[in-house]
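**Student:** Next up is a structure, given as structure tokens.
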Amino acid sequence: MPKQQHPTSPARTVGRRLRAPLAAVAAASALATLAACSGPGSDSGSGSAAGATPTAVNTAVADTPATLTLFSAAGLETYEQGLADAFTAKYPKIKVKLRVEADNNYNTVLPRLLASDSAPDIAAPSDLLGGVKDGLLTNLDAYDKAYGWSGKVPASALAPGRVSDGVIGSGSLYQAGGSAGPLVGVFYNKELASKVGMKTVPSSISDLEAVMAKAKKSGITPIVASNQDGLIGHLYNLLLGDYMGAQKLSDFVNHKPGATLDTPAAVQATQTLQKWIKAGYFASDVNAINQEASYGQFTGGKGLFFFQGSWITQTIDKTFKGKYGVFPMPPAEKGGKYAGMTSNTLAYSIAAHSKNKDAAALFLNFLTTPAAAKVAVANGYAAVTSDSAKTPSLSGTASEQIQTGYAAIAADNGFDSWIQNAAPAVDTKLPQQLQLLVSGKVEPAVMVKTLQTAYADALKSS
Amino acid sequence: MPSTPRPTRKGAAARGRNRLRARRWAGWLFALPALAFYGVFNFYPVLLSIQYSFYDWDGIGASTWVGLKNYTAVFTDSEQFSSLLHAFYLILFFTVLPVTLALITASVLRRIEGRFTGTVARTLLFLPQIIPGAAAGVAWTWMYSDNGVVNQTLRAIGLGSLARAWLADFHWALTAVGFIGTWLSTGLCTMLLLAGIGKIDNSLYEAARIDGAGPIRQFFAVTLPGLRNEIGVCVTITIIAALASFDVVYLATRGGPGTQTMVPGVAVYNLAFSDSRLGAASALAVVLALIVIAVVVPLQRLFREK
């Protein structure tokens, strides 16, 4: 800003001379900053309306050479590379390149990356509502019509990708593909399970508690978990689903008007977790353990149960294959309904900034095919087929158990989601609250209220 | 340059002044690349942060002006406010302990200087300084774990009842994190103070000895006053490290358990990148910067005066 630079007269002292031009530059840039925009972000429009909502789409792109970038997380690299390879095998002209980010950075990096000029073409944002609000994701309605996804993919698999007025579940499609997902449930160490005499799948929470009490008595740590990163949250979320019911929990995550976490059922779920903590079912230093360390503890035989998602098979199979099994979280009461979190691992979004939207849509279409489902199943995910067995059992391979467990939850319409997905602020608060709960520093009712407040505040400001 | 020509008295004087003026501007010209970098990568972001701090903004979409709301939140939101208190507690471990330890070690090392043991001791002490804080954070999480070196040592010497998962313990986590800082900055302080001691005239020590001063008296009468400037540097650097700590804390505990070890650096990161609340994050960062300045500037004066 040379115009505003008013140097001082030469007679000034050295210190003054130094200071004055700097101050001039400062004042000039401050003025420029404040004058240029009324507020940050107002001019960044992030993709014009036309870019975010294409109307004329082309499905005949299989023979046009293109390179797609898929934004992947380290823990999913094997799986997503598998999808990319299968896709390129079918459409040799189109390459899919993975851009891999560390698991715990994926969600923090993604929004900024999508807003940049070098946005990846394909990604799976956890904050779908934020991405839609900021115009970072492509409205897929035109592609849906062209490829007929709504006709061939189960509605329940596409619903989590639909957004209307800041609520997930209906409206325009922003995330689409096939239908497969992880089973989040109870992984168990086979050797320790037979030691404590667990012969059948526990059919209720009290059944599960009986097994854990037995394990504790015989000197076996009942639950392996990591809570430096708040991953007791998987177990907590399963309990919430059990006591609140999958529908109520989903309403909360999806921002359904009037939905709240502050319910007696949620408090009861929290109390159950507190009871297990007080009974010493976790290792004493669980608050200092991170996910990698917990994998080591489970595969090292340091505990009986591990409440986790079936994505862990990609990691623990390397050393522990055949030595563990998995069943879905038992219902709160015997004969009750199964509930558990899942996410559609075969559904992706297309960046609004993508320059290869048509090719990216072809990739999404590929995800609806059996070839893609096969890759998912090979990587520990479950895809429901009409002939799946629906009764969980302790026999069979872990891979088979994942399929039956998933089918059992599907049969009860029991899929819900992680409460962290409700709002980024909940994602920050939850690990802290879980650490407080482990240390006996917060009471269940207060914890539930705190989470609800974080959620309500986040909704107010969005 | 002022565009209005100044009335000149005598040609020669004017020419001389012109040359002087030209030289002055040549200096600025040389500094220009550095200044440009400073402006673009330091100064401009600072201004932006100040601007953001008055808005509600998720970093991407539209923003709303909220006035001082983000600043009041710094002092009313218990999590943000307690992070500031934690930062001050860390000064004890990042500054007070290391400087004290360094003074003692430096005085001892002065006596064994030149000998092999002196060199070894100096190398060992300085070693933590070349290890990145992030790596130290990770290494210490292992040492502090339930079966880590710290607890093994405690059990070996019969203090097993004190053993605990240090970083997961509500009362001890912040102190445990603080000791990582002590370990990191003691070496640096020792080196700085050793260099300072080397500059103290040996005749002062001789004179003190002739006057009958023992090692302790020598320390207080000669070493300590002679190190005034170096101590000032140590204190300044380490206090900034304590108040603006991020890497060690983020890797060791992420601010947990609960928010027991939450420091402003980690809180700013959480607000900005996890919660997508750029405005709130900027406000806390600005407050932190002001606090650092408010603490460091008086200290500078204190240590500079003779």
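In the structure tokens, chains take letters A, B, ... by order of appearance, with residues numbered from 1 within each chain and ligands from 1 in the order shown.
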Which chain B residues have any atom within 7 Å of an atom of chain A, and for each, what is the nearest pair of atoms with distance in Å to one decimal, counting only C-alpha atoms, rows sorted by chain and number, as JSON lines?
**Tutor:**
{"residue": "B:Met1", "atom": "CA", "partner": "A:Pro7", "partner_atom": "CA", "distance": 5.9}
{"residue": "B:Leu47", "atom": "CA", "partner": "A:Ala30", "partner_atom": "CA", "distance": 6.7}
{"residue": "B:Tyr52", "atom": "CA", "partner": "A:Pro40", "partner_atom": "CA", "distance": 6.7}
{"residue": "B:Gly59", "atom": "CA", "partner": "A:Gly41", "partner_atom": "CA", "distance": 6.8}
{"residue": "B:Ile60", "atom": "CA", "partner": "A:Gly41", "partner_atom": "CA", "distance": 5.7}
{"residue": "B:Gly61", "atom": "CA", "partner": "A:Asp134", "partner_atom": "CA", "distance": 4.8}
{"residue": "B:Ala62", "atom": "CA", "partner": "A:Ser42", "partner_atom": "CA", "distance": 4.6}
{"residue": "B:Ser63", "atom": "CA", "partner": "A:Gly39", "partner_atom": "CA", "distance": 5.9}
{"residue": "B:Thr64", "atom": "CA", "partner": "A:Gly39", "partner_atom": "CA", "distance": 6.9}
{"residue": "B:Asp146", "atom": "CA", "partner": "A:Asp285", "partner_atom": "CA", "distance": 6.3}
{"residue": "B:Ala165", "atom": "CA", "partner": "A:Asp285", "partner_atom": "CA", "distance": 5.2}
{"residue": "B:Leu167", "atom": "CA", "partner": "A:Ala288", "partner_atom": "CA", "distance": 5.9}
{"residue": "B:Ala168", "atom": "CA", "partner": "A:Ala288", "partner_atom": "CA", "distance": 4.8}
{"residue": "B:Thr253", "atom": "CA", "partner": "A:Gln228", "partner_atom": "CA", "distance": 6.8}
{"residue": "B:Gly256", "atom": "CA", "partner": "A:Gln432", "partner_atom": "CA", "distance": 6.6}
{"residue": "B:Pro257", "atom": "CA", "partner": "A:Gln435", "partner_atom": "CA", "distance": 5.4}
{"residue": "B:Gly258", "atom": "CA", "partner": "A:Gln432", "partner_atom": "CA", "distance": 4.1}
{"residue": "B:Thr259", "atom": "CA", "partner": "A:Gln432", "partner_atom": "CA", "distance": 6.4}
{"residue": "B:Phe273", "atom": "CA", "partner": "A:Thr108", "partner_atom": "CA", "distance": 5.4}
{"residue": "B:Ser274", "atom": "CA", "partner": "A:Thr108", "partner_atom": "CA", "distance": 5.7}
{"residue": "B:Asp275", "atom": "CA", "partner": "A:Pro424", "partner_atom": "CA", "distance": 4.9}
**Student:** Contacts of stretch 237-251 of chain B at 7 Å or less, counting only C-alpha atoms, minus same-chain residues fewer than 2 places along, as a short mmCIF file (atom, residue, chain, number, x, y, z; two decimals) with C-alpha atoms, in the first residue's frame?
**Tutor:**
data_model
loop_
_atom_site.label_atom_id
_atom_site.label_comp_id
_atom_site.auth_asym_id
_atom_site.auth_seq_id
_atom_site.Cartn_x
_atom_site.Cartn_y
_atom_site.Cartn_z
CA ALA B 87 -0.56 -22.25 31.72
CA PHE B 88 0.52 -20.22 34.75
CA LEU B 90 3.19 -24.75 34.12
CA ILE B 91 5.55 -21.78 34.61
CA PHE B 94 8.94 -24.85 32.64
CA THR B 95 10.72 -21.91 34.28
CA GLY B 133 8.71 -31.55 22.01
CA ALA B 134 6.33 -33.81 20.10
CA ALA B 136 9.30 -36.05 23.99
CA GLY B 137 5.54 -36.05 24.55
CA VAL B 138 5.21 -39.50 23.01
CA VAL B 177 3.11 -32.91 32.00
CA VAL B 233 17.00 -14.80 28.76
CA CYS B 234 16.25 -18.21 30.32
CA VAL B 235 13.24 -16.94 32.19
CA THR B 253 -2.73 -35.90 27.05
CA ARG B 254 -4.67 -33.79 24.52
CA GLY B 255 -5.75 -31.75 27.51
CA PRO B 264 -4.51 -22.35 25.84
CA GLY B 265 -2.54 -23.76 22.90
CA VAL B 266 -4.54 -26.99 22.83
CA VAL B 292 2.54 -13.30 27.25
#
**Student:** B:Ser107: which residues within 9 Å, counting only C-alpha atoms, same-chain residues fewer than 4 positions away excluded, as a list in words?
**Tutor:**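 Surrounding residues, per the criterion: Ala102, Leu103, Arg111, Leu193, Leu194, Ile197, Phe219 and Thr223 of chain B.
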**Student:** Please list as a list in words every residue within 9 Å of A:Met341, counting only C-alpha atoms and excluding residues in the same chain fewer than 2 positions away.
**Tutor:**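 So, after excluding close chain neighbours, the residues are Pro182, Leu183, Val184, Gly185, His234, Asn237, Leu238, Gly241, Ala246, Gly309, Ala339, Ser343, Gly414, Phe415, Asp416, Ser417 and Trp418 of chain A.
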**Student:** Can you pull out the residues contacting A:Ala123? Cut-off 8 Å, using only C-alpha atoms, and skip same-chain residues under 3 positions away; I want them as a list in words.
**Tutor:**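 Final neighbour list, sorted by chain and number: Leu70, Phe71, Ser72, Pro120, Tyr348, Ser349, Ile350 and Ala351 of chain A.
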**Student:** Could you pull out all residues of stretch 175-271 of chain A with a DSSP call of strand (DSSP E) and give them as a PyMOL selection string?
**Tutor:** chain A and resi 176-177+184-189+223-224
**Student:** Which residues are close to A:Asn344, i.e. within 10 Å by only C-alpha atoms, leaving aside same-chain residues fewer than 5 positions away? Reply as a PyMOL selection string.
**Tutor:** chain A and resi 124+156-158+160-161+175-182+381-383
**Student:** Keeping only C-alpha atoms, take the residues you just selected and write them out as a PDB file, in the first residue's frame.
**Tutor:**
ATOM      1  CA  ALA A 124     -16.649 -39.099   3.134  1.00  0.00           C
ATOM      2  CA  SER A 156     -32.297 -46.686   4.404  1.00  0.00           C
ATOM      3  CA  ALA A 157     -28.780 -46.699   2.946  1.00  0.00           C
ATOM      4  CA  LEU A 158     -29.294 -43.415   1.095  1.00  0.00           C
ATOM      5  CA  PRO A 160     -28.104 -40.715   5.884  1.00  0.00           C
ATOM      6  CA  GLY A 161     -26.824 -38.936   2.759  1.00  0.00           C
ATOM      7  CA  GLN A 175     -23.711 -38.771  -0.209  1.00  0.00           C
ATOM      8  CA  ALA A 176     -24.483 -41.862  -2.215  1.00  0.00           C
ATOM      9  CA  GLY A 177     -23.295 -45.297  -3.232  1.00  0.00           C
ATOM     10  CA  GLY A 178     -24.063 -48.847  -2.234  1.00  0.00           C
ATOM     11  CA  SER A 179     -24.966 -50.301   1.115  1.00  0.00           C
ATOM     12  CA  ALA A 180     -22.412 -51.778   3.476  1.00  0.00           C
ATOM     13  CA  GLY A 181     -21.175 -50.844   6.868  1.00  0.00           C
ATOM     14  CA  PRO A 182     -19.226 -51.830   9.915  1.00  0.00           C
ATOM     15  CA  TYR A 381     -17.712 -54.684   6.618  1.00  0.00           C
ATOM     16  CA  ALA A 382     -21.103 -56.203   6.251  1.00  0.00           C
ATOM     17  CA  ALA A 383     -23.471 -55.972   3.346  1.00  0.00           C
TER      18      ALA A 383
END
**Student:** DSSP says alpha helix (DSSP H) for which residues of stretch 61-280 of chain B? Put them as a PyMOL selection string?
**Tutor:** chain B and resi 69-76+78-91+97-111+116-130+133-144+149-156+173-199+202-210+215-218+224-226+228-243+247-252+264-269+278-280
**Student:** Mind checking which residues fall within 9 Å of B:Arg304, counting only C-alpha atoms, ignoring those fewer than 6 positions away in the same chain, and posting them as a count of residues only?
**Tutor:** 3
**Student:** Name the closest residue to B:Thr141 among the candidates A:Ala293, A:Met447, A:Ser310, A:Ala159; distances are taken between atoms, counting only C-alpha atoms.
**Tutor:** A:Ala293
